[in-house]
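Content type mmCIF, C-alpha atoms and all ligand atoms, from the file coords.cif:
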data_input
#
loop_
_atom_site.label_atom_id
_atom_site.label_comp_id
_atom_site.auth_asym_id
_atom_site.auth_seq_id
_atom_site.Cartn_x
_atom_site.Cartn_y
_atom_site.Cartn_z
CA MET A 1 -3.17 -14.49 16.65
CA ALA A 2 -4.69 -14.28 13.17
CA ILE A 3 -6.66 -11.15 12.38
CA ASN A 4 -9.85 -12.01 10.50
CA ILE A 5 -10.92 -9.47 7.92
CA VAL A 6 -14.17 -9.36 5.98
CA VAL A 7 -14.37 -7.02 3.01
CA MET A 8 -17.74 -5.64 1.91
CA ALA A 9 -18.12 -4.28 -1.62
CA SER A 10 -20.82 -3.79 -4.27
CA GLY A 11 -19.00 -2.84 -7.45
CA SER A 12 -15.79 -3.17 -9.37
CA GLY A 13 -13.74 -3.98 -6.29
CA SER A 14 -10.37 -2.41 -7.01
CA ASN A 15 -10.05 -1.60 -3.29
CA ALA A 16 -11.19 -5.09 -2.33
CA GLU A 17 -8.59 -6.63 -4.61
CA ASN A 18 -5.91 -4.35 -3.20
CA ILE A 19 -6.85 -5.60 0.29
CA PHE A 20 -6.81 -9.27 -0.85
CA ILE A 21 -3.32 -8.89 -2.33
CA THR A 22 -1.86 -6.86 0.54
CA ALA A 23 -3.29 -9.20 3.19
CA ASN A 24 -2.01 -12.22 1.30
CA ASN A 25 1.54 -10.98 1.87
CA GLU A 26 1.03 -10.55 5.59
CA SER A 27 0.77 -13.80 7.55
CA LYS A 28 -1.20 -12.25 10.43
CA LEU A 29 -4.03 -11.05 8.17
CA HIS A 30 -6.69 -13.48 6.95
CA VAL A 31 -9.36 -12.29 4.56
CA VAL A 32 -12.05 -14.73 5.61
CA GLY A 33 -14.70 -13.49 3.22
CA LEU A 34 -16.17 -10.96 0.87
CA ILE A 35 -19.76 -9.84 1.40
CA CYS A 36 -21.38 -8.45 -1.72
CA ASP A 37 -24.98 -7.35 -2.35
CA GLN A 38 -24.84 -7.22 -6.17
CA PRO A 39 -25.04 -10.56 -8.04
CA LYS A 40 -23.26 -9.20 -11.14
CA ALA A 41 -20.52 -7.21 -9.42
CA LEU A 42 -17.00 -7.57 -10.80
CA VAL A 43 -15.69 -7.84 -7.24
CA LEU A 44 -17.08 -11.39 -7.09
CA ASP A 45 -14.73 -12.41 -9.92
CA ARG A 46 -11.83 -10.71 -8.17
CA ALA A 47 -12.57 -12.65 -4.97
CA ARG A 48 -12.66 -15.94 -6.90
CA LEU A 49 -9.32 -15.09 -8.52
CA HIS A 50 -7.71 -14.61 -5.11
CA GLY A 51 -9.38 -17.59 -3.44
CA VAL A 52 -11.48 -15.46 -1.11
CA PRO A 53 -14.90 -16.98 -0.28
CA SER A 54 -17.80 -14.76 -1.37
CA PHE A 55 -21.13 -14.38 0.36
CA LEU A 56 -23.78 -12.84 -1.82
CA ILE A 57 -26.45 -11.16 0.29
CA PRO A 58 -28.70 -9.32 -2.18
CA SER A 59 -30.07 -5.99 -0.99
CA LYS A 60 -32.77 -5.75 -3.64
CA GLY A 61 -36.30 -6.51 -2.52
CA ILE A 62 -35.60 -6.73 1.21
CA SER A 63 -35.72 -4.07 3.90
CA ARG A 64 -32.61 -2.35 5.21
CA GLU A 65 -33.20 -4.06 8.58
CA GLU A 66 -33.48 -7.56 7.10
CA HIS A 67 -30.43 -7.02 4.92
CA GLY A 68 -28.49 -5.79 7.96
CA ARG A 69 -29.62 -8.82 9.96
CA LEU A 70 -28.39 -11.25 7.29
CA VAL A 71 -25.07 -9.45 6.97
CA THR A 72 -24.59 -9.44 10.76
CA GLU A 73 -25.32 -13.15 10.92
CA GLN A 74 -22.69 -13.87 8.26
CA LEU A 75 -20.08 -11.64 9.89
CA LEU A 76 -20.57 -13.39 13.23
CA LYS A 77 -20.30 -16.80 11.57
CA LEU A 78 -17.03 -15.72 9.96
CA ASP A 79 -15.75 -14.40 13.29
CA ALA A 80 -14.85 -11.08 11.65
CA HIS A 81 -12.44 -9.00 13.73
CA TRP A 82 -12.49 -6.13 11.23
CA ILE A 83 -15.06 -5.22 8.59
CA LEU A 84 -13.57 -3.19 5.76
CA LEU A 85 -16.09 -1.37 3.58
CA ALA A 86 -14.80 -0.81 0.07
CA GLY A 87 -17.58 0.69 -1.99
CA TYR A 88 -20.49 -1.06 -0.25
CA MET A 89 -23.47 0.83 -1.62
CA ARG A 90 -26.26 -0.31 0.69
CA ILE A 91 -26.74 1.74 3.86
CA LEU A 92 -26.70 -0.54 6.91
CA PRO A 93 -29.14 -0.15 9.80
CA ASP A 94 -28.16 1.34 13.16
CA VAL A 95 -28.53 -2.02 14.90
CA PHE A 96 -25.83 -3.45 12.60
CA ILE A 97 -23.47 -0.62 13.48
CA LYS A 98 -24.22 -0.98 17.22
CA THR A 99 -23.35 -4.70 17.07
CA PHE A 100 -19.82 -3.86 15.94
CA SER A 101 -19.32 -0.63 17.93
CA LEU A 102 -16.89 -0.25 20.79
CA PRO A 103 -17.36 1.59 24.07
CA ASN A 104 -14.73 4.19 23.10
CA GLY A 105 -16.89 5.46 20.23
CA LYS A 106 -14.87 3.62 17.58
CA SER A 107 -16.09 0.51 15.80
CA LYS A 108 -14.89 -2.63 14.07
CA ILE A 109 -16.19 -1.22 10.78
CA ILE A 110 -13.97 0.95 8.61
CA ASN A 111 -15.01 2.77 5.45
CA ILE A 112 -13.14 4.46 2.63
CA HIS A 113 -14.64 7.67 1.34
CA PRO A 114 -13.43 9.51 -1.75
CA SER A 115 -13.19 13.03 -0.34
CA LEU A 116 -11.39 14.97 2.34
CA LEU A 117 -14.08 14.51 4.98
CA PRO A 118 -15.99 16.37 6.33
CA ASP A 119 -16.16 17.80 2.81
CA PHE A 120 -18.53 16.08 0.39
CA LYS A 121 -20.20 13.38 2.46
CA GLY A 122 -22.48 11.04 0.52
CA LEU A 123 -22.58 10.00 -3.10
CA ARG A 124 -20.56 11.29 -6.08
CA ALA A 125 -17.88 12.72 -3.84
CA TYR A 126 -15.15 12.72 -6.51
CA GLU A 127 -17.42 14.51 -8.96
CA ARG A 128 -18.49 17.10 -6.41
CA SER A 129 -14.89 17.70 -5.26
CA PHE A 130 -13.80 18.05 -8.88
CA GLU A 131 -16.51 20.58 -9.66
CA SER A 132 -15.93 22.61 -6.50
CA ASP A 133 -13.71 25.69 -6.06
CA LYS A 134 -11.34 23.82 -3.77
CA ALA A 135 -7.78 23.25 -4.94
CA TYR A 136 -7.87 19.61 -3.89
CA GLY A 137 -10.07 16.63 -3.27
CA GLY A 138 -8.99 13.83 -1.00
CA VAL A 139 -9.48 10.36 0.39
CA THR A 140 -10.44 9.39 3.93
CA LEU A 141 -10.51 6.19 5.97
CA HIS A 142 -12.79 6.45 8.99
CA PHE A 143 -14.56 4.40 11.63
CA VAL A 144 -18.21 3.89 10.78
CA ASN A 145 -20.84 5.22 13.15
CA GLU A 146 -24.58 5.79 12.80
CA GLN A 147 -24.16 9.07 10.90
CA LEU A 148 -23.24 8.91 7.23
CA ASP A 149 -19.49 9.43 6.60
CA SER A 150 -19.06 11.03 10.03
CA GLY A 151 -17.12 8.60 12.23
CA GLU A 152 -13.65 9.34 13.61
CA ILE A 153 -11.04 9.80 10.92
CA ILE A 154 -8.17 7.28 10.85
CA LEU A 155 -6.18 8.32 7.78
CA GLN A 156 -6.72 11.07 5.29
CA GLU A 157 -4.82 12.51 2.35
CA LYS A 158 -5.33 15.40 -0.02
CA LEU A 159 -5.68 14.84 -3.76
CA PRO A 160 -4.43 18.06 -5.35
CA LYS A 161 -6.12 19.09 -8.58
CA VAL A 162 -4.06 19.25 -11.76
CA ALA A 163 -4.83 22.07 -14.19
CA GLY A 164 -6.66 20.88 -17.31
CA GLU A 165 -7.18 17.38 -15.95
CA LYS A 166 -10.30 15.39 -16.87
CA ILE A 167 -12.58 13.95 -14.20
CA GLU A 168 -11.63 10.37 -15.26
CA ASP A 169 -7.97 11.08 -14.54
CA PHE A 170 -8.77 12.78 -11.25
CA ILE A 171 -10.72 9.66 -10.19
CA GLU A 172 -7.93 7.36 -11.36
CA ARG A 173 -5.39 9.22 -9.23
CA GLY A 174 -7.88 9.15 -6.36
CA LYS A 175 -8.31 5.38 -6.62
CA ALA A 176 -4.54 4.90 -6.53
CA LEU A 177 -4.45 7.01 -3.36
CA GLU A 178 -7.30 4.94 -1.88
CA HIS A 179 -5.23 1.81 -2.39
CA VAL A 180 -2.22 3.35 -0.65
CA LEU A 181 -4.39 4.41 2.28
CA TYR A 182 -5.88 0.94 2.68
CA GLN A 183 -2.36 -0.55 2.60
CA LYS A 184 -1.37 1.80 5.44
CA LEU A 185 -4.50 0.79 7.33
CA LEU A 186 -3.59 -2.89 7.07
CA VAL A 187 -0.18 -2.10 8.59
CA LYS A 188 -1.99 -0.44 11.48
CA LEU A 189 -4.15 -3.54 11.94
CA VAL A 190 -1.10 -5.78 12.07
CA GLU A 191 0.63 -3.46 14.54
CA GLU A 192 -2.57 -3.19 16.58
CA GLU A 193 -2.36 0.58 16.51
CA LEU A 194 -5.98 1.30 15.87
CA LEU A 195 -7.96 1.09 19.09
C1 LIG B 1 -14.27 4.01 -4.13
O1 LIG B 1 -14.09 5.22 -4.78
C2 LIG B 1 -14.59 4.21 -2.68
O2 LIG B 1 -13.96 5.32 -2.14
C3 LIG B 1 -16.08 4.38 -2.69
O3 LIG B 1 -16.53 3.47 -3.66
C4 LIG B 1 -15.52 3.27 -4.64
C5 LIG B 1 -15.28 1.81 -4.83
O4 LIG B 1 -14.36 1.58 -5.86
N1 LIG B 1 -16.61 4.23 -1.36
P1 LIG B 1 -13.79 0.13 -6.17
O5 LIG B 1 -15.00 -0.76 -6.41
O6 LIG B 1 -13.02 -0.33 -4.99
O7 LIG B 1 -12.94 0.28 -7.38
#
Would it be possible to restate this file's structure as structure tokens?
Amino acid sequence: MAINIVVMASGSGSNAENIFITANNESKLHVVGLICDQPKALVLDRARLHGVPSFLIPSKGISREEHGRLVTEQLLKLDAHWILLAGYMRILPDVFIKTFSLPNGKSKIINIHPSLLPDFKGLRAYERSFESDKAYGGVTLHFVNEQLDSGEIILQEKLPKVAGEKIEDFIERGKALEHVLYQKLLVKLVEEELL
């Protein structure tokens, strides 16, 4: 049976593109859509390039609840089996998360976060990891629940710091690690190892 994936992203979309390309090489995985809330986001161009249909659901000027309702409607229409968040910058309401939650505490929504959770939840996680005393940052894939960046961890890897490195290079290495983690996640989806 085909596994329907919807990617949600707001920005540049390097993770989204990595998912489009990886899924394209795996017959069981179908990226049935990209949901984006930013009309000028580069990720929309990337979706076009890979033939993935985009659904622009602006978050500006509407409430969190209304935005969540519109996104839910679209995800149900697309028959999304998995919702992969890849830099989606609008917080979604609890009712959205409940719709896609499972009785075992997991959910059909997966997020990538650029730190070794539970360290550095929230925004600017690379910057805060970089500035901290810790010897490494990290990247985490986790199930989404109602608490920010707190759902069960699926995959996680450390990003060791390199002496003298600039923040831009640290982030670049982090992004490369993010892509590897999402590729591993897609293998888990195909092998139905996740639930
Ligand atoms: C990534 O660093 C991801 O971890 C965070 O948002 C960023 C999105 O980057 N949640 P990109 O748009 O996929 O390049």
Nearest to Asn111 in chain A by atom-to-atom distance, counting all atoms listed in the file, from A:Lys175, A:His142, A:Arg90, A:His81:
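Closest to Asn111 in chain A of all the choices is A:His142.
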Per residue of range 88-157 of chain A within 7 Å of range 57-68 of chain A, record the nearest atom pair and its distance in Å to one decimal, counting all atoms listed in the file, with rows in chain order and ascending residue number, as a Markdown table.
| residue | atom | partner | partner_atom | distance |
| --- | --- | --- | --- | --- |
| A:Leu92 | CA | A:Gly68 | CA | 5.6 |
| A:Pro93 | CA | A:Glu65 | CA | 5.8 |
| A:Phe96 | CA | A:Gly68 | CA | 5.8 |
If we count all atoms listed in the file and set the cut-off at 10 Å, which residues sit around Ile171 in chain A, ignoring sequence neighbours fewer than 5 positions away in its own chain? Please answer as an mmCIF file with C-alpha atoms, in the coordinates of the input.
data_model
loop_
_atom_site.group_PDB
_atom_site.id
_atom_site.type_symbol
_atom_site.label_atom_id
_atom_site.label_comp_id
_atom_site.auth_asym_id
_atom_site.auth_seq_id
_atom_site.Cartn_x
_atom_site.Cartn_y
_atom_site.Cartn_z
ATOM 1 C CA PRO A 114 -13.430 9.510 -1.750
ATOM 2 C CA TYR A 126 -15.150 12.720 -6.510
ATOM 3 C CA GLU A 127 -17.420 14.510 -8.960
ATOM 4 C CA PHE A 130 -13.800 18.050 -8.880
ATOM 5 C CA GLY A 137 -10.070 16.630 -3.270
ATOM 6 C CA LEU A 159 -5.680 14.840 -3.760
ATOM 7 C CA LYS A 166 -10.300 15.390 -16.870
ATOM 8 C CA ALA A 176 -4.540 4.900 -6.530
ATOM 9 C CA LEU A 177 -4.450 7.010 -3.360
#
Could you list, as a list in words, every residue within 9 Å of Glu17 in chain A, counting all atoms listed in the file and ignoring same-chain residues fewer than 5 positions away?
Thr22, Val43, Arg46, Ala47 and His50 of chain A
Two-atom distance - CA of Lys121 in chain A, CA of Ile91 in chain A (Å):
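Pair CA of Lys121 in chain A / CA of Ile91 in chain A returns 13.4 Å.
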Counting only C-alpha atoms and all ligand atoms, which residues of chain A fall within 6 Å of ligand LIG 1 (chain B), and what is the closest atom pair for each with its distance in Å at one decimal, ordered by chain and rising number, as a tab-separated table?
residue	atom	partner	partner_atom	distance
A:Gly11	CA	B:LIG1	O5	4.6
A:Ser12	CA	B:LIG1	O5	3.9
A:Gly13	CA	B:LIG1	O5	3.5
A:Ser14	CA	B:LIG1	O7	3.7
A:Asn15	CA	B:LIG1	O6	3.7
A:Ala16	CA	B:LIG1	O6	5.8
A:Ala86	CA	B:LIG1	O6	5.4
A:Gly87	CA	B:LIG1	O3	3.4
A:Ile112	CA	B:LIG1	O2	4.9
A:His113	CA	B:LIG1	O2	4.3
A:Pro114	CA	B:LIG1	O2	4.2
Could you check the closest approach to Phe120 in chain A for each of A:Val95, A:Leu148, A:Val187, A:Leu29 and tell me which residue wins, using all atoms listed in the file?
A:Leu148
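When the distance limit is 12 Å and only C-alpha atoms are what count, the residues near Glu26 in chain A, minus those fewer than 3 positions from it on the same chain, are Ala2, Ile3, Ile19, Phe20, Ile21, Thr22, Ala23, Leu29, His30, Val31, Gln183, Leu186, Val187, Leu189, Val190 and Glu191 of chain A.
Across the model, the gap from CA of Thr99 in chain A to CA of Tyr182 in chain A is 23.3 Å.
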Can you list, as a PyMOL selection string, every protein, DNA or RNA residue that comes within 8 Å of Gln156 in chain A when you count all atoms listed in the file, leaving out same-chain residues fewer than 2 positions away?
chain A and resi 116+138-141+153-154+158+181
Take the residues just selected and output them with C-alpha atoms as a short mmCIF file (atom, residue, chain, number, x, y, z; two decimals), keeping the file's coordinate frame.
data_model
loop_
_atom_site.label_atom_id
_atom_site.label_comp_id
_atom_site.auth_asym_id
_atom_site.auth_seq_id
_atom_site.Cartn_x
_atom_site.Cartn_y
_atom_site.Cartn_z
CA LEU A 116 -11.39 14.97 2.34
CA GLY A 138 -8.99 13.83 -1.00
CA VAL A 139 -9.48 10.36 0.39
CA THR A 140 -10.44 9.39 3.93
CA LEU A 141 -10.51 6.19 5.97
CA ILE A 153 -11.04 9.80 10.92
CA ILE A 154 -8.17 7.28 10.85
CA LYS A 158 -5.33 15.40 -0.02
CA LEU A 181 -4.39 4.41 2.28
#
Only N, CA, C and O atoms, as a short mmCIF file (atom, residue, chain, number, x, y, z; two decimals), in the first residue's frame: that is what I want for range 119-130 of chain A.
data_model
loop_
_atom_site.label_atom_id
_atom_site.label_comp_id
_atom_site.auth_asym_id
_atom_site.auth_seq_id
_atom_site.Cartn_x
_atom_site.Cartn_y
_atom_site.Cartn_z
N ASP A 119 17.50 19.60 25.16
CA ASP A 119 18.23 20.88 25.18
C ASP A 119 17.63 21.83 24.15
O ASP A 119 17.29 21.40 23.05
N PHE A 120 17.58 23.07 24.46
CA PHE A 120 17.28 24.15 23.51
C PHE A 120 16.00 23.95 22.70
O PHE A 120 16.01 23.90 21.47
N LYS A 121 14.89 23.79 23.43
CA LYS A 121 13.59 23.79 22.75
C LYS A 121 13.32 25.19 22.22
O LYS A 121 13.86 26.16 22.75
N GLY A 122 12.46 25.30 21.22
CA GLY A 122 12.06 26.63 20.73
C GLY A 122 12.97 27.17 19.66
O GLY A 122 13.72 26.42 19.02
N LEU A 123 12.87 28.47 19.45
CA LEU A 123 13.55 29.11 18.31
C LEU A 123 15.06 29.24 18.51
O LEU A 123 15.55 29.15 19.62
N ARG A 124 15.75 29.48 17.41
CA ARG A 124 17.20 29.76 17.38
C ARG A 124 18.02 28.68 18.10
O ARG A 124 18.95 28.96 18.84
N ALA A 125 17.63 27.45 17.89
CA ALA A 125 18.27 26.37 18.64
C ALA A 125 19.74 26.17 18.23
O ALA A 125 20.59 25.91 19.08
N TYR A 126 20.04 26.32 16.93
CA TYR A 126 21.45 26.21 16.53
C TYR A 126 22.28 27.29 17.21
O TYR A 126 23.36 27.03 17.72
N GLU A 127 21.77 28.52 17.16
CA GLU A 127 22.53 29.64 17.72
C GLU A 127 22.76 29.43 19.22
O GLU A 127 23.86 29.62 19.73
N ARG A 128 21.70 29.00 19.90
CA ARG A 128 21.84 28.83 21.35
C ARG A 128 22.76 27.66 21.69
O ARG A 128 23.52 27.73 22.65
N SER A 129 22.71 26.59 20.89
CA SER A 129 23.64 25.47 21.12
C SER A 129 25.07 25.94 20.92
O SER A 129 25.97 25.63 21.70
N PHE A 130 25.25 26.69 19.83
CA PHE A 130 26.59 27.16 19.45
C PHE A 130 27.19 28.04 20.55
O PHE A 130 28.37 27.94 20.87
#
